[in-house]
Structures are given as structure tokens and as C-alpha cells.
$ cat structure13.cif   # mmCIF, C-alpha atoms
data_protein
loop_
_atom_site.label_atom_id
_atom_site.label_comp_id
_atom_site.auth_asym_id
_atom_site.auth_seq_id
_atom_site.Cartn_x
_atom_site.Cartn_y
_atom_site.Cartn_z
CA MET A 1 13.77 -4.45 8.91
CA CYS A 2 14.56 -7.76 10.47
CA GLY A 3 17.32 -8.82 8.10
CA ALA A 4 20.71 -8.33 9.67
CA PRO A 5 22.96 -5.59 8.39
CA GLU A 6 26.08 -6.87 6.66
CA GLN A 7 28.23 -8.65 9.24
CA GLY A 8 31.77 -7.46 9.79
CA GLY A 9 31.22 -3.93 8.49
CA GLY A 10 32.66 -0.88 10.21
CA LEU A 11 31.09 0.72 13.25
CA ALA A 12 30.57 4.09 11.57
CA GLY A 13 27.08 5.31 12.36
CA VAL A 14 26.79 3.11 15.47
CA ASP A 15 26.47 5.18 18.63
CA LEU A 16 28.60 3.29 21.16
CA THR A 17 27.54 5.62 23.96
CA THR A 18 24.02 4.15 23.78
CA GLN A 19 24.26 0.81 21.93
CA THR A 20 25.53 -2.39 23.51
CA VAL A 21 27.38 -4.08 20.67
CA ILE A 22 28.52 -7.70 21.00
CA GLN A 23 30.70 -8.78 18.12
CA GLY A 24 33.49 -11.13 17.18
CA GLN A 25 34.57 -13.96 14.94
CA VAL A 26 33.98 -17.69 14.70
CA TRP A 27 37.17 -19.75 14.27
CA HIS A 28 37.89 -23.37 13.47
CA ASP A 29 41.20 -25.05 12.80
CA GLY A 30 43.13 -21.77 12.52
CA SER A 31 40.72 -20.09 10.10
CA PRO A 32 37.60 -17.94 10.39
CA VAL A 33 34.36 -19.75 9.63
CA ALA A 34 32.11 -18.10 7.03
CA GLY A 35 28.42 -18.89 6.95
CA ALA A 36 28.18 -20.09 10.55
CA TYR A 37 24.88 -19.46 12.34
CA VAL A 38 25.52 -17.53 15.56
CA ARG A 39 22.71 -17.06 18.03
CA LEU A 40 22.47 -14.80 21.04
CA LEU A 41 20.71 -16.25 24.08
CA ASP A 42 19.62 -14.20 27.07
CA ALA A 43 20.34 -14.89 30.74
CA THR A 44 17.50 -17.45 30.82
CA ASP A 45 18.94 -19.21 27.75
CA GLU A 46 16.12 -17.87 25.58
CA PHE A 47 16.84 -17.18 21.89
CA THR A 48 17.21 -13.46 21.23
CA ALA A 49 18.72 -13.18 17.77
CA GLU A 50 20.71 -15.02 15.13
CA VAL A 51 23.05 -13.93 12.34
CA VAL A 52 25.15 -15.66 9.70
CA THR A 53 28.88 -14.91 9.78
CA SER A 54 30.53 -12.89 7.02
CA PRO A 55 33.18 -14.35 4.68
CA GLU A 56 35.72 -13.39 7.39
CA GLY A 57 33.72 -15.10 10.12
CA HIS A 58 32.38 -11.92 11.74
CA PHE A 59 29.15 -11.55 13.67
CA ARG A 60 27.55 -8.60 15.48
CA PHE A 61 24.59 -8.11 17.81
CA PHE A 62 22.92 -5.03 19.27
CA ALA A 63 21.91 -6.12 22.75
CA ALA A 64 21.48 -4.57 26.18
CA PRO A 65 23.84 -4.62 29.18
CA GLY A 66 23.80 -7.98 30.96
CA ASP A 67 24.78 -11.64 30.71
CA TRP A 68 24.45 -13.35 27.35
CA THR A 69 25.39 -16.62 25.72
CA LEU A 70 26.69 -16.94 22.17
CA ARG A 71 26.28 -20.25 20.35
CA SER A 72 27.39 -21.07 16.83
CA LEU A 73 26.18 -23.85 14.55
CA SER A 74 27.91 -24.83 11.35
CA PRO A 75 28.61 -27.96 9.32
CA VAL A 76 32.10 -28.14 10.93
CA GLY A 77 30.79 -28.12 14.49
CA ARG A 78 29.45 -25.93 17.26
CA ALA A 79 30.84 -23.60 19.91
CA GLU A 80 29.45 -21.70 22.85
CA ARG A 81 30.58 -19.06 25.32
CA SER A 82 29.06 -16.61 27.78
CA ILE A 83 29.75 -12.92 27.87
CA ALA A 84 28.91 -10.10 30.29
CA ALA A 85 28.18 -7.08 28.11
CA ASP A 86 28.22 -3.37 28.94
CA VAL A 87 27.16 -0.36 26.91
CA GLY A 88 29.73 0.10 24.14
CA LEU A 89 31.78 -2.45 22.26
CA ASN A 90 32.06 -6.02 23.60
CA GLU A 91 34.31 -8.30 21.55
CA THR A 92 34.79 -12.04 21.78
CA THR A 93 35.79 -15.11 19.78
CA LEU A 94 33.94 -18.39 19.33
CA ALA A 95 36.34 -21.28 18.74
CA ILE A 96 34.94 -24.51 17.33
CA ALA A 97 37.02 -27.35 18.75
CA MET B 1 -5.10 -29.68 6.53
CA SER B 2 -2.31 -31.73 7.98
CA ARG B 3 1.36 -31.13 8.58
CA THR B 4 2.46 -32.91 5.41
CA ASP B 5 0.15 -30.74 3.29
CA VAL B 6 1.95 -27.56 4.31
CA LEU B 7 5.44 -28.60 5.40
CA VAL B 8 7.97 -30.62 3.39
CA THR B 9 11.38 -31.95 4.33
CA ALA B 10 14.63 -31.04 2.64
CA ASP B 11 14.68 -34.62 1.30
CA TRP B 12 11.24 -34.14 -0.28
CA ALA B 13 12.51 -30.93 -1.86
CA THR B 14 15.58 -32.67 -3.26
CA GLU B 15 13.39 -35.41 -4.76
CA HIS B 16 11.04 -32.89 -6.39
CA LEU B 17 13.55 -30.46 -7.89
CA GLY B 18 12.71 -29.60 -11.49
CA GLN B 19 9.33 -31.30 -11.38
CA PRO B 20 6.69 -29.56 -13.51
CA GLY B 21 3.97 -27.87 -11.49
CA ILE B 22 6.26 -27.24 -8.52
CA VAL B 23 8.00 -23.89 -8.12
CA PHE B 24 10.63 -23.37 -5.43
CA VAL B 25 10.79 -19.81 -4.15
CA GLU B 26 13.45 -18.35 -1.85
CA VAL B 27 12.25 -15.39 0.20
CA ASP B 28 14.66 -13.15 2.05
CA GLU B 29 15.02 -9.58 2.99
CA ASP B 30 18.62 -9.59 1.84
CA THR B 31 18.62 -11.38 -1.49
CA SER B 32 22.42 -11.47 -1.68
CA ALA B 33 22.16 -14.92 -0.06
CA TYR B 34 20.08 -16.11 -3.02
CA ASP B 35 22.47 -14.55 -5.50
CA LYS B 36 25.44 -16.40 -3.99
CA GLY B 37 23.64 -19.72 -3.98
CA HIS B 38 20.08 -21.06 -3.96
CA ILE B 39 18.24 -24.33 -4.36
CA GLU B 40 18.52 -25.33 -7.99
CA GLY B 41 15.72 -23.85 -10.08
CA ALA B 42 14.38 -21.65 -7.28
CA VAL B 43 13.24 -18.12 -8.07
CA LYS B 44 13.65 -15.32 -5.55
CA LEU B 45 11.27 -12.91 -3.92
CA ASP B 46 12.59 -9.91 -2.05
CA TRP B 47 10.56 -9.38 1.11
CA LYS B 48 10.81 -5.64 0.82
CA THR B 49 11.10 -4.63 -2.82
CA ASP B 50 8.77 -7.31 -4.20
CA LEU B 51 6.20 -7.73 -1.44
CA GLN B 52 5.91 -4.25 0.14
CA ASP B 53 4.33 -1.26 -1.55
CA ALA B 54 6.96 1.38 -2.28
CA GLU B 55 4.93 4.29 -0.88
CA SER B 56 2.23 3.19 1.54
CA ARG B 57 3.09 0.77 4.37
CA ASP B 58 1.13 -2.16 2.99
CA PHE B 59 1.17 -5.16 0.68
CA VAL B 60 1.55 -4.62 -3.02
CA SER B 61 -1.90 -4.41 -4.63
CA ARG B 62 -3.75 -7.42 -5.98
CA GLU B 63 -2.80 -6.31 -9.49
CA GLY B 64 0.78 -5.81 -8.39
CA PHE B 65 0.99 -9.30 -6.90
CA SER B 66 -0.54 -10.77 -10.05
CA ALA B 67 2.06 -9.00 -12.18
CA LEU B 68 4.89 -10.06 -9.85
CA LEU B 69 4.01 -13.76 -9.93
CA SER B 70 3.35 -13.64 -13.66
CA ALA B 71 6.84 -12.24 -14.21
CA LYS B 72 8.33 -14.91 -11.94
CA GLY B 73 6.66 -17.63 -14.00
CA ILE B 74 4.33 -18.87 -11.28
CA SER B 75 0.83 -20.12 -12.21
CA ASN B 76 -2.27 -20.24 -10.06
CA ASP B 77 -2.28 -24.04 -10.07
CA ASP B 78 1.44 -24.44 -9.30
CA THR B 79 2.57 -25.83 -5.96
CA VAL B 80 4.67 -23.07 -4.44
CA VAL B 81 7.41 -24.35 -2.12
CA LEU B 82 8.88 -21.56 0.00
CA TYR B 83 12.11 -21.42 1.97
CA GLY B 84 14.47 -18.73 3.23
CA GLY B 85 16.92 -17.50 5.80
CA ASN B 86 16.24 -16.24 9.35
CA ASN B 87 14.74 -19.60 10.31
CA ASN B 88 12.11 -19.22 7.55
CA TRP B 89 10.72 -15.97 9.00
CA PHE B 90 10.33 -14.33 5.62
CA ALA B 91 9.31 -17.56 3.92
CA ALA B 92 6.56 -17.94 6.53
CA TYR B 93 5.59 -14.33 5.91
CA ALA B 94 5.39 -15.08 2.19
CA TYR B 95 3.36 -18.23 2.92
CA TRP B 96 0.83 -16.12 4.83
CA TYR B 97 0.93 -13.47 2.10
CA PHE B 98 0.28 -16.03 -0.68
CA LYS B 99 -2.68 -17.26 1.40
CA VAL B 100 -4.03 -13.71 1.80
CA TYR B 101 -4.05 -13.49 -2.00
CA GLY B 102 -5.70 -16.89 -2.28
CA HIS B 103 -2.96 -19.14 -3.68
CA GLY B 104 -4.09 -22.75 -3.42
CA ASP B 105 -1.11 -25.00 -2.78
CA VAL B 106 1.72 -23.47 -0.73
CA LYS B 107 4.31 -25.32 1.33
CA LEU B 108 7.32 -24.49 3.47
CA ILE B 109 10.59 -26.41 3.49
CA ASP B 110 11.13 -27.38 7.12
CA GLY B 111 14.25 -25.66 8.44
CA GLY B 112 14.57 -23.44 5.38
CA ARG B 113 17.91 -22.30 4.16
CA LYS B 114 19.62 -22.90 7.48
CA LYS B 115 18.85 -26.61 7.67
CA TRP B 116 19.77 -26.91 4.01
CA GLU B 117 23.17 -25.33 4.67
CA LEU B 118 23.81 -27.24 7.90
CA ASP B 119 23.14 -30.44 5.93
CA SER B 120 25.72 -29.24 3.34
CA ARG B 121 23.15 -29.70 0.58
CA PRO B 122 24.03 -28.29 -2.85
CA LEU B 123 23.30 -24.68 -3.81
CA SER B 124 23.41 -23.24 -7.30
CA ALA B 125 24.38 -19.75 -8.45
CA ASP B 126 22.84 -20.25 -11.91
CA VAL B 127 20.40 -17.62 -13.11
CA VAL B 128 16.87 -19.04 -13.10
CA GLU B 129 14.52 -18.04 -15.92
CA ARG B 130 10.95 -19.23 -16.08
CA PRO B 131 8.53 -18.35 -18.89
CA ALA B 132 6.06 -15.65 -17.86
CA THR B 133 2.54 -16.67 -16.88
CA SER B 134 -0.80 -14.90 -16.43
CA TYR B 135 -1.25 -15.11 -12.68
CA ALA B 136 -4.50 -13.83 -11.18
CA ALA B 137 -4.36 -13.06 -7.45
CA GLY B 138 -7.56 -13.45 -5.47
CA GLU B 139 -9.47 -10.93 -3.40
CA PRO B 140 -7.42 -10.37 -0.20
CA ASP B 141 -8.57 -12.73 2.55
CA ALA B 142 -9.29 -10.50 5.55
CA SER B 143 -9.92 -13.51 7.79
CA ILE B 144 -6.20 -14.06 8.36
CA ARG B 145 -4.93 -10.46 8.56
CA ALA B 146 -5.52 -8.17 11.55
CA PHE B 147 -5.48 -4.37 11.50
CA ARG B 148 -4.89 -1.99 14.39
CA ASP B 149 -8.46 -1.23 15.48
CA GLU B 150 -9.24 -4.91 15.74
CA VAL B 151 -6.08 -5.41 17.79
CA VAL B 152 -7.02 -2.66 20.25
CA ASP B 153 -10.51 -4.21 20.55
CA ALA B 154 -8.91 -7.61 21.19
CA ILE B 155 -7.30 -6.49 24.46
CA GLY B 156 -8.78 -8.68 27.17
CA THR B 157 -11.15 -10.46 24.77
CA LYS B 158 -9.09 -12.45 22.24
CA ASN B 159 -5.82 -14.30 22.50
CA LEU B 160 -2.99 -11.91 21.75
CA VAL B 161 0.30 -13.71 21.19
CA ASP B 162 3.45 -11.62 21.27
CA VAL B 163 6.12 -13.75 19.62
CA ARG B 164 9.08 -11.43 20.18
CA SER B 165 11.95 -12.24 22.52
CA PRO B 166 11.31 -11.83 26.27
CA ASP B 167 13.41 -8.65 26.41
CA GLU B 168 11.41 -7.04 23.61
CA PHE B 169 8.17 -8.10 25.33
CA ALA B 170 9.36 -6.65 28.63
CA GLY B 171 10.32 -3.37 27.00
CA LYS B 172 14.09 -3.70 27.46
CA LEU B 173 14.74 -3.93 23.72
CA THR B 174 12.74 -2.38 20.87
CA ALA B 175 14.13 -4.55 18.07
CA PRO B 176 15.67 -7.99 17.64
CA ALA B 177 19.23 -7.97 18.95
CA HIS B 178 20.92 -8.26 15.57
CA LEU B 179 19.62 -4.78 14.74
CA PRO B 180 20.28 -1.29 16.09
CA GLN B 181 17.77 -0.58 18.86
CA GLU B 182 15.24 1.69 17.23
CA GLY B 183 11.78 1.36 15.75
CA ALA B 184 8.61 2.11 17.66
CA GLN B 185 8.19 5.23 19.79
CA ARG B 186 7.51 3.19 22.91
CA ALA B 187 8.74 -0.17 24.22
CA GLY B 188 6.61 -2.86 25.84
CA HIS B 189 3.71 -5.04 24.72
CA ILE B 190 -0.05 -4.98 24.15
CA PRO B 191 -1.88 -5.45 27.46
CA THR B 192 -3.16 -9.02 28.06
CA ALA B 193 -0.81 -10.46 25.41
CA VAL B 194 1.03 -13.64 26.29
CA ASN B 195 4.68 -13.92 25.33
CA VAL B 196 5.50 -17.08 23.40
CA PRO B 197 8.70 -16.33 21.50
CA TRP B 198 8.56 -17.72 17.94
CA SER B 199 11.84 -19.53 18.67
CA LYS B 200 10.14 -21.84 21.16
CA ALA B 201 8.29 -23.34 18.19
CA ALA B 202 11.51 -24.21 16.38
CA ASN B 203 14.45 -26.51 16.90
CA GLU B 204 17.98 -25.14 16.72
CA ASP B 205 18.35 -26.17 13.09
CA GLY B 206 15.27 -24.12 12.18
CA THR B 207 12.85 -27.04 11.78
CA PHE B 208 9.48 -26.89 13.54
CA LYS B 209 8.95 -28.84 16.72
CA SER B 210 6.54 -31.79 16.71
CA ASP B 211 2.78 -31.20 16.82
CA ASP B 212 2.65 -32.56 20.37
CA GLU B 213 5.40 -30.23 21.56
CA LEU B 214 3.74 -27.29 19.83
CA ALA B 215 0.29 -28.03 21.28
CA LYS B 216 1.80 -28.21 24.77
CA LEU B 217 3.74 -24.98 24.26
CA TYR B 218 0.64 -22.87 23.59
CA ALA B 219 -1.54 -24.70 26.11
CA ASP B 220 1.08 -24.06 28.82
CA ALA B 221 1.18 -20.40 27.81
CA GLY B 222 -2.54 -20.17 28.52
CA LEU B 223 -3.85 -19.83 24.99
CA ASP B 224 -7.63 -20.32 25.11
CA THR B 225 -8.52 -22.39 22.04
CA SER B 226 -12.17 -21.31 22.28
CA LYS B 227 -11.13 -17.74 21.42
CA ASP B 228 -9.87 -16.10 18.27
CA THR B 229 -6.14 -15.40 18.15
CA ILE B 230 -4.01 -12.54 16.85
CA ALA B 231 -0.23 -12.95 16.60
CA TYR B 232 2.17 -10.05 16.36
CA CYS B 233 5.89 -9.26 16.57
CA ARG B 234 7.76 -6.17 15.40
CA ILE B 235 6.98 -6.04 11.67
CA GLY B 236 4.92 -9.19 11.15
CA GLU B 237 7.42 -11.74 9.89
CA ARG B 238 8.21 -13.64 13.09
CA SER B 239 4.48 -13.65 13.86
CA SER B 240 3.87 -15.22 10.43
CA HIS B 241 6.02 -18.10 11.68
CA THR B 242 3.72 -18.47 14.71
CA TRP B 243 0.59 -17.93 12.59
CA PHE B 244 1.80 -20.84 10.45
CA VAL B 245 2.22 -23.01 13.54
CA LEU B 246 -1.16 -22.17 15.05
CA ARG B 247 -3.30 -22.28 11.94
CA GLU B 248 -1.52 -24.55 9.50
CA LEU B 249 0.21 -27.07 11.79
CA LEU B 250 -2.10 -27.13 14.82
CA GLY B 251 -5.29 -26.39 12.86
CA HIS B 252 -6.59 -23.59 15.08
CA GLU B 253 -9.38 -21.64 13.41
CA ASN B 254 -9.59 -17.86 13.33
CA VAL B 255 -5.92 -17.01 13.69
CA LYS B 256 -4.81 -13.67 12.29
CA ASN B 257 -1.41 -12.14 11.77
CA TYR B 258 -1.07 -8.46 12.71
CA ASP B 259 1.63 -7.28 10.33
CA GLY B 260 1.47 -3.70 11.61
CA SER B 261 2.85 -5.27 14.77
CA TRP B 262 4.91 -3.42 17.36
CA THR B 263 6.30 -0.81 14.98
CA GLU B 264 2.71 0.35 14.48
CA TYR B 265 1.19 -0.35 17.89
CA GLY B 266 4.15 1.09 19.82
CA SER B 267 3.80 4.35 17.88
CA LEU B 268 0.00 4.75 18.18
CA VAL B 269 -1.23 7.70 20.21
CA GLY B 270 -3.45 6.94 23.17
CA VAL B 271 -3.35 3.14 23.29
CA PRO B 272 -2.45 1.26 26.49
CA ILE B 273 0.96 -0.38 26.78
CA ALA B 274 2.17 -2.93 29.32
CA LYS B 275 5.75 -3.45 30.45
CA GLY B 276 7.66 -6.16 32.25
CA ALA B 277 7.52 -9.91 31.94
#

$ encode --input "structure13.cif" --output "C-alpha cells"
Amino acid sequence: MCGAPEQGGGLAGVDLTTQTVIQGQVWHDGSPVAGAYVRLLDATDEFTAEVVTSPEGHFRFFAAPGDWTLRSLSPVGRAERSIAADVGLNETTLAIA
Amino acid sequence: MSRTDVLVTADWATEHLGQPGIVFVEVDEDTSAYDKGHIEGAVKLDWKTDLQDAESRDFVSREGFSALLSAKGISNDDTVVLYGGNNNWFAAYAYWYFKVYGHGDVKLIDGGRKKWELDSRPLSADVVERPATSYAAGEPDASIRAFRDEVVDAIGTKNLVDVRSPDEFAGKLTAPAHLPQEGAQRAGHIPTAVNVPWSKAANEDGTFKSDDELAKLYADAGLDTSKDTIAYCRIGERSSHTWFVLRELLGHENVKNYDGSWTEYGSLVGVPIAKGA
């Protein structure tokens, strides 16, 4: 399936010894942003995946070890940050200024 | 066929809401998005439960598709206007699917649900009921759908366009990165395929790039317009997006979508696989 699993759910059933999980929340003005579009770009800035944040602003990707960029789009603005991910859980926050 | 015959803007959609003879259809894998809010009057199609056979890995039958559209209140002569999430992946898949079953007038809303939301356009949670119709699907059009033997024969002879992300093409990932990494038995790509990720055909808001930009994209990738083309991805929905670009926007002839895609090819016994960029 290509539809994303529910964002912000627990990690039960996810094998963190093999999967490289990048997850976090989108924030703006002191609150999480629901319904933001978050995309994962690879080290060459190429689109790899995109999800829509949960009501609590959560997003999650299953990537591979390496350098990635996260970029969020929403009606309230955009945010971007880079992350170096390893196998296991990699958590970050995207703050829309 | 020109761009305006097959692609409409969100403004066009807003102006044509509720107009007789036009049916808006949201297509997603996860229909909870539709249930929370959809374009006013739009009916929903579930990519999996409505459009995939429950037992065999295939489309629903011609009779099944006829019954589905009849129940949704769609007539053969209606203009079907499709949109959805995931940058219109599943809406593009449905567009291709409606064309396989011979529907006449089908359009996509440029940018789909994402552009609609980023524009803060209104969504409705009202239940949509349309009176049932007697829809008659056509004989499946095999000229736009590729099957595995044809794909194996196309190695080195036809254009094979792999529209997955570079890491999937190279064999580093076996699924898009919002999903657990599983799927096909082997990672990599079909030998002689060129990698033109579907996303290169779209702007960040999900709208399609201009015809000039699109023509340059595939020319630069080395697509030989004198040859037939087969597009594939992992399960055939992202490649529907590219099929739409090549055939419906750029007017290439003889473009097929291989919906078996990598989940089938990467699990076949005895076929060649290439790795790396």
C-alpha cells in the first residue's frame, strides 16, 4: 500500500533494530500543526516521501541511514531542517516561524 | 487531446460544483480524509476496497466496475472530475482505470486535495447521496495497461520509465519512505529503465509542471519518443501519475502503465534485475 499508516501512532510492531524511523512534530505559534504536508528529501534534495500530520502534528518516515531534509508546507507557513539519521528512532521538530 | 481537456484548476472546480453532468470523485487509499471533509458533492472511491478485486491481484471485473459506478450514481456520459491525496497519485490511478474501462470524459483537479487544502478552500463533511444509475463499463483497453511478459520483453527495446524515488531505483529502499521497508523479494530496477521520479513532474503544491518543463524533463532523461513506453513504480499508482503526464498532457502515443510494478517484478523468479543509480 502506498497510503501512509496513521501518523503519530505507537511504535509497536516496528522493528527498530532494522528500520530507520524519522519522526517528530510540526509546531507553529506554540501549538502543533495538524494537516501539514511534510516531505522527506534525500541528500540530493530529491523528493522521497510525503505525509500529512496527525491532529497532534505528528509525522513519521521509514527511511535509510544517511542525510535527509524535512520540509513542511501548510496554510500557516513552511519550515525546513536537515537530519542525519541512523538505524533506530530519529526524532526532530519542525518549527514554522 | 490538450491539457485543458484532462486537467482542471481548483478555480474551475469551484465554479462547476453542483453542475448537472459533472461528478466530483475523491480517490484515496485511506478514505478517512474524505470522511472528515471533501469537496462539496463529491463521492468517494476507495483505491483498495472499491477498485481492487478482493481475491485475485487485479482490477474489479467489468461487471463489478459497472455495478460500482451505478451505485455511486455516475453515468456513462457524465464528466468525472477526480482528485485525491498523495499528490493525486490515486486519483491519477483512477483516471487511468476509468480510461481502461472506456469512460469518455475524465479530468483531474490540478494539485488535488493538497492544493485545495493549502489554498484553504472549503471542505464539507456532509454525506453525499446520488441516485443510482445503470453504468455500463467498456471492454478493458489493453493498449494502456502492461503485463509482466510484455515488460520483460521490453528490456532494451522499449522505453521503461521507473518513476520511484532514486533510492528505490538504486535498490537502497524497497518502498516509499513513509512506509515500513518491505514488499518485493528483491530490490533494484528493471534493466535499461530510466529513473524519472514522478515528483519531478509536479510542483511542491502537487500541481503539474508546465508542458514545456515536462517535455524537457523526459527528453533530458533520454526517453526516445519513437518508441513505445511502459511506466512502473511499486504498485502502479505513482506510475499512473507519470502515465497521465506522458499520454494525456504530452500526447505521447503507446504509453502503458504496468500496475504489477516492482512488487510483482521484484518477486519474479529468473528475471534480470539492475542495481545502483

$ closest_residue --input "structure13.cif" --among "B:Pro272, B:Gly266, B:Gly236, B:Gly21" --to "chain A" --atoms "only C-alpha atoms"
B:Gly236

$ resolve_selection --input "structure13.cif" --expression "the PyMOL selection byres ((chain A) within 10 of (chain B))" --output "ChimeraX atom specification"
/A:1-7,14-15,18-22,35-37,39-42,44,46-52,59-65,73-77

$ residues_around --input "structure13.cif" --residues "Asp126 (chain B)" --least-positions-apart "2" --cutoff "10 Å" --atoms "all atoms listed in the file" --output "ChimeraX atom specification"
/B:35-42,123-124,128-129

$ write_last_selection --input "structure13.cif" --atoms "C-alpha atoms" --output "CSV table (one decimal), in the coordinates of the input"
chain,number,residue,atom,x,y,z
B,35,ASP,CA,22.5,-14.6,-5.5
B,36,LYS,CA,25.4,-16.4,-4.0
B,37,GLY,CA,23.6,-19.7,-4.0
B,38,HIS,CA,20.1,-21.1,-4.0
B,39,ILE,CA,18.2,-24.3,-4.4
B,40,GLU,CA,18.5,-25.3,-8.0
B,41,GLY,CA,15.7,-23.8,-10.1
B,42,ALA,CA,14.4,-21.6,-7.3
B,123,LEU,CA,23.3,-24.7,-3.8
B,124,SER,CA,23.4,-23.2,-7.3
B,128,VAL,CA,16.9,-19.0,-13.1
B,129,GLU,CA,14.5,-18.0,-15.9

$ resolve_selection --input "structure13.cif" --expression "the PyMOL selection byres ((chain B and resi 185) around 9)" --output "list in words"
Thr174, Glu182, Gly183, Ala184, Arg186, Ala187, Thr263, Gly266, Ser267 and Leu268 of chain B

$ resolve_selection --input "structure13.cif" --expression "the PyMOL selection byres ((chain A and resi 70) around 8)" --output "PDB file with C-alpha atoms, in the coordinates of the input"
ATOM      1  CA  VAL A  38      25.520 -17.530  15.560  1.00  0.00           C
ATOM      2  CA  ARG A  39      22.710 -17.060  18.030  1.00  0.00           C
ATOM      3  CA  LEU A  40      22.470 -14.800  21.040  1.00  0.00           C
ATOM      4  CA  LEU A  41      20.710 -16.250  24.080  1.00  0.00           C
ATOM      5  CA  TRP A  68      24.450 -13.350  27.350  1.00  0.00           C
ATOM      6  CA  THR A  69      25.390 -16.620  25.720  1.00  0.00           C
ATOM      7  CA  ARG A  71      26.280 -20.250  20.350  1.00  0.00           C
ATOM      8  CA  SER A  72      27.390 -21.070  16.830  1.00  0.00           C
ATOM      9  CA  GLU A  80      29.450 -21.700  22.850  1.00  0.00           C
ATOM     10  CA  ARG A  81      30.580 -19.060  25.320  1.00  0.00           C
ATOM     11  CA  SER A  82      29.060 -16.610  27.780  1.00  0.00           C
ATOM     12  CA  ILE A  83      29.750 -12.920  27.870  1.00  0.00           C
ATOM     13  CA  LEU A  94      33.940 -18.390  19.330  1.00  0.00           C
TER      14      LEU A  94
END

$ atom_distance --input "structure13.cif" --atom1 "CA of Leu16 (chain A)" --atom2 "CA of Gly171 (chain B)"
20.3 Å

$ residues_around --input "structure13.cif" --residues "Ser134 (chain B)" --least-positions-apart "6" --cutoff "9 Å" --atoms "all atoms listed in the file" --output "PDB file with C-alpha atoms, keeping the file's coordinate frame"
ATOM      1  CA  SER B  66      -0.540 -10.770 -10.050  1.00  0.00           C
ATOM      2  CA  ALA B  67       2.060  -9.000 -12.180  1.00  0.00           C
ATOM      3  CA  LEU B  69       4.010 -13.760  -9.930  1.00  0.00           C
ATOM      4  CA  SER B  70       3.350 -13.640 -13.660  1.00  0.00           C
ATOM      5  CA  ALA B  71       6.840 -12.240 -14.210  1.00  0.00           C
ATOM      6  CA  GLY B  73       6.660 -17.630 -14.000  1.00  0.00           C
ATOM      7  CA  ILE B  74       4.330 -18.870 -11.280  1.00  0.00           C
ATOM      8  CA  SER B  75       0.830 -20.120 -12.210  1.00  0.00           C
ATOM      9  CA  ASN B  76      -2.270 -20.240 -10.060  1.00  0.00           C
TER      10      ASN B  76
END

$ axis_aligned_box --input "structure13.cif" --around "region 242-245 of chain B" --padding-each-side "6 Å" --output "lines of an AutoDock Vina configuration file"
center_x = 2.2
center_y = -20.5
center_z = 12.6
size_x = 15.1
size_y = 17.1
size_z = 16.3

$ closest_residue --input "structure13.cif" --among "A:Val87, A:Ala79, A:Ile96, A:Val26" --to "His58 (chain A)" --atoms "all atoms listed in the file"
A:Val26

$ atom_distance --input "structure13.cif" --atom1 "CA of Arg57 (chain B)" --atom2 "CA of Ala94 (chain B)"
16.2 Å

$ closest_residue --input "structure13.cif" --among "B:Arg62, B:Ala137, B:Lys44, B:Asp162" --to "Gly188 (chain B)" --atoms "only C-alpha atoms"
B:Asp162

$ residues_near_point --input "structure13.cif" --point "(38.0, -19.6, 13.9)" --cutoff "10 Å" --atoms "all atoms listed in the file" --output "PyMOL selection string"
chain A and resi 25-34+56-58+93-97

$ atom_distance --input "structure13.cif" --atom1 "CA of Glu150 (chain B)" --atom2 "CA of Ala215 (chain B)"
25.6 Å

$ residues_around --input "structure13.cif" --residues "Ile22 (chain B)" --least-positions-apart "3" --cutoff "10 Å" --atoms "only C-alpha atoms" --output "number ranges by chain"
B: 13, 16-19, 25, 42, 74-75, 77-81, 105-106

$ closest_residue --input "structure13.cif" --among "B:Ala274, B:Ile144, B:Ala154, B:Leu7" --to "Glu253 (chain B)" --atoms "only C-alpha atoms"
B:Ile144

$ closest_residue --input "structure13.cif" --among "A:Glu91, A:Ala85, A:Asp67, A:Gly9" --to "Pro55 (chain A)" --atoms "only C-alpha atoms"
A:Gly9

$ residues_around --input "structure13.cif" --residues "Leu160 (chain B)" --least-positions-apart "6" --cutoff "12 Å" --atoms "all atoms listed in the file" --output "ChimeraX atom specification"
/B:146,150-154,189-196,218,221-225,227-233,239,242-243,255-258,261

$ residues_near_point --input "structure13.cif" --point "(-8.3, -14.1, 3.7)" --cutoff "8 Å" --atoms "all atoms listed in the file" --output "list in words"
Lys99, Val100, Tyr101, Gly102, Glu139, Pro140, Asp141, Ala142, Ser143, Ile144 and Arg145 of chain B
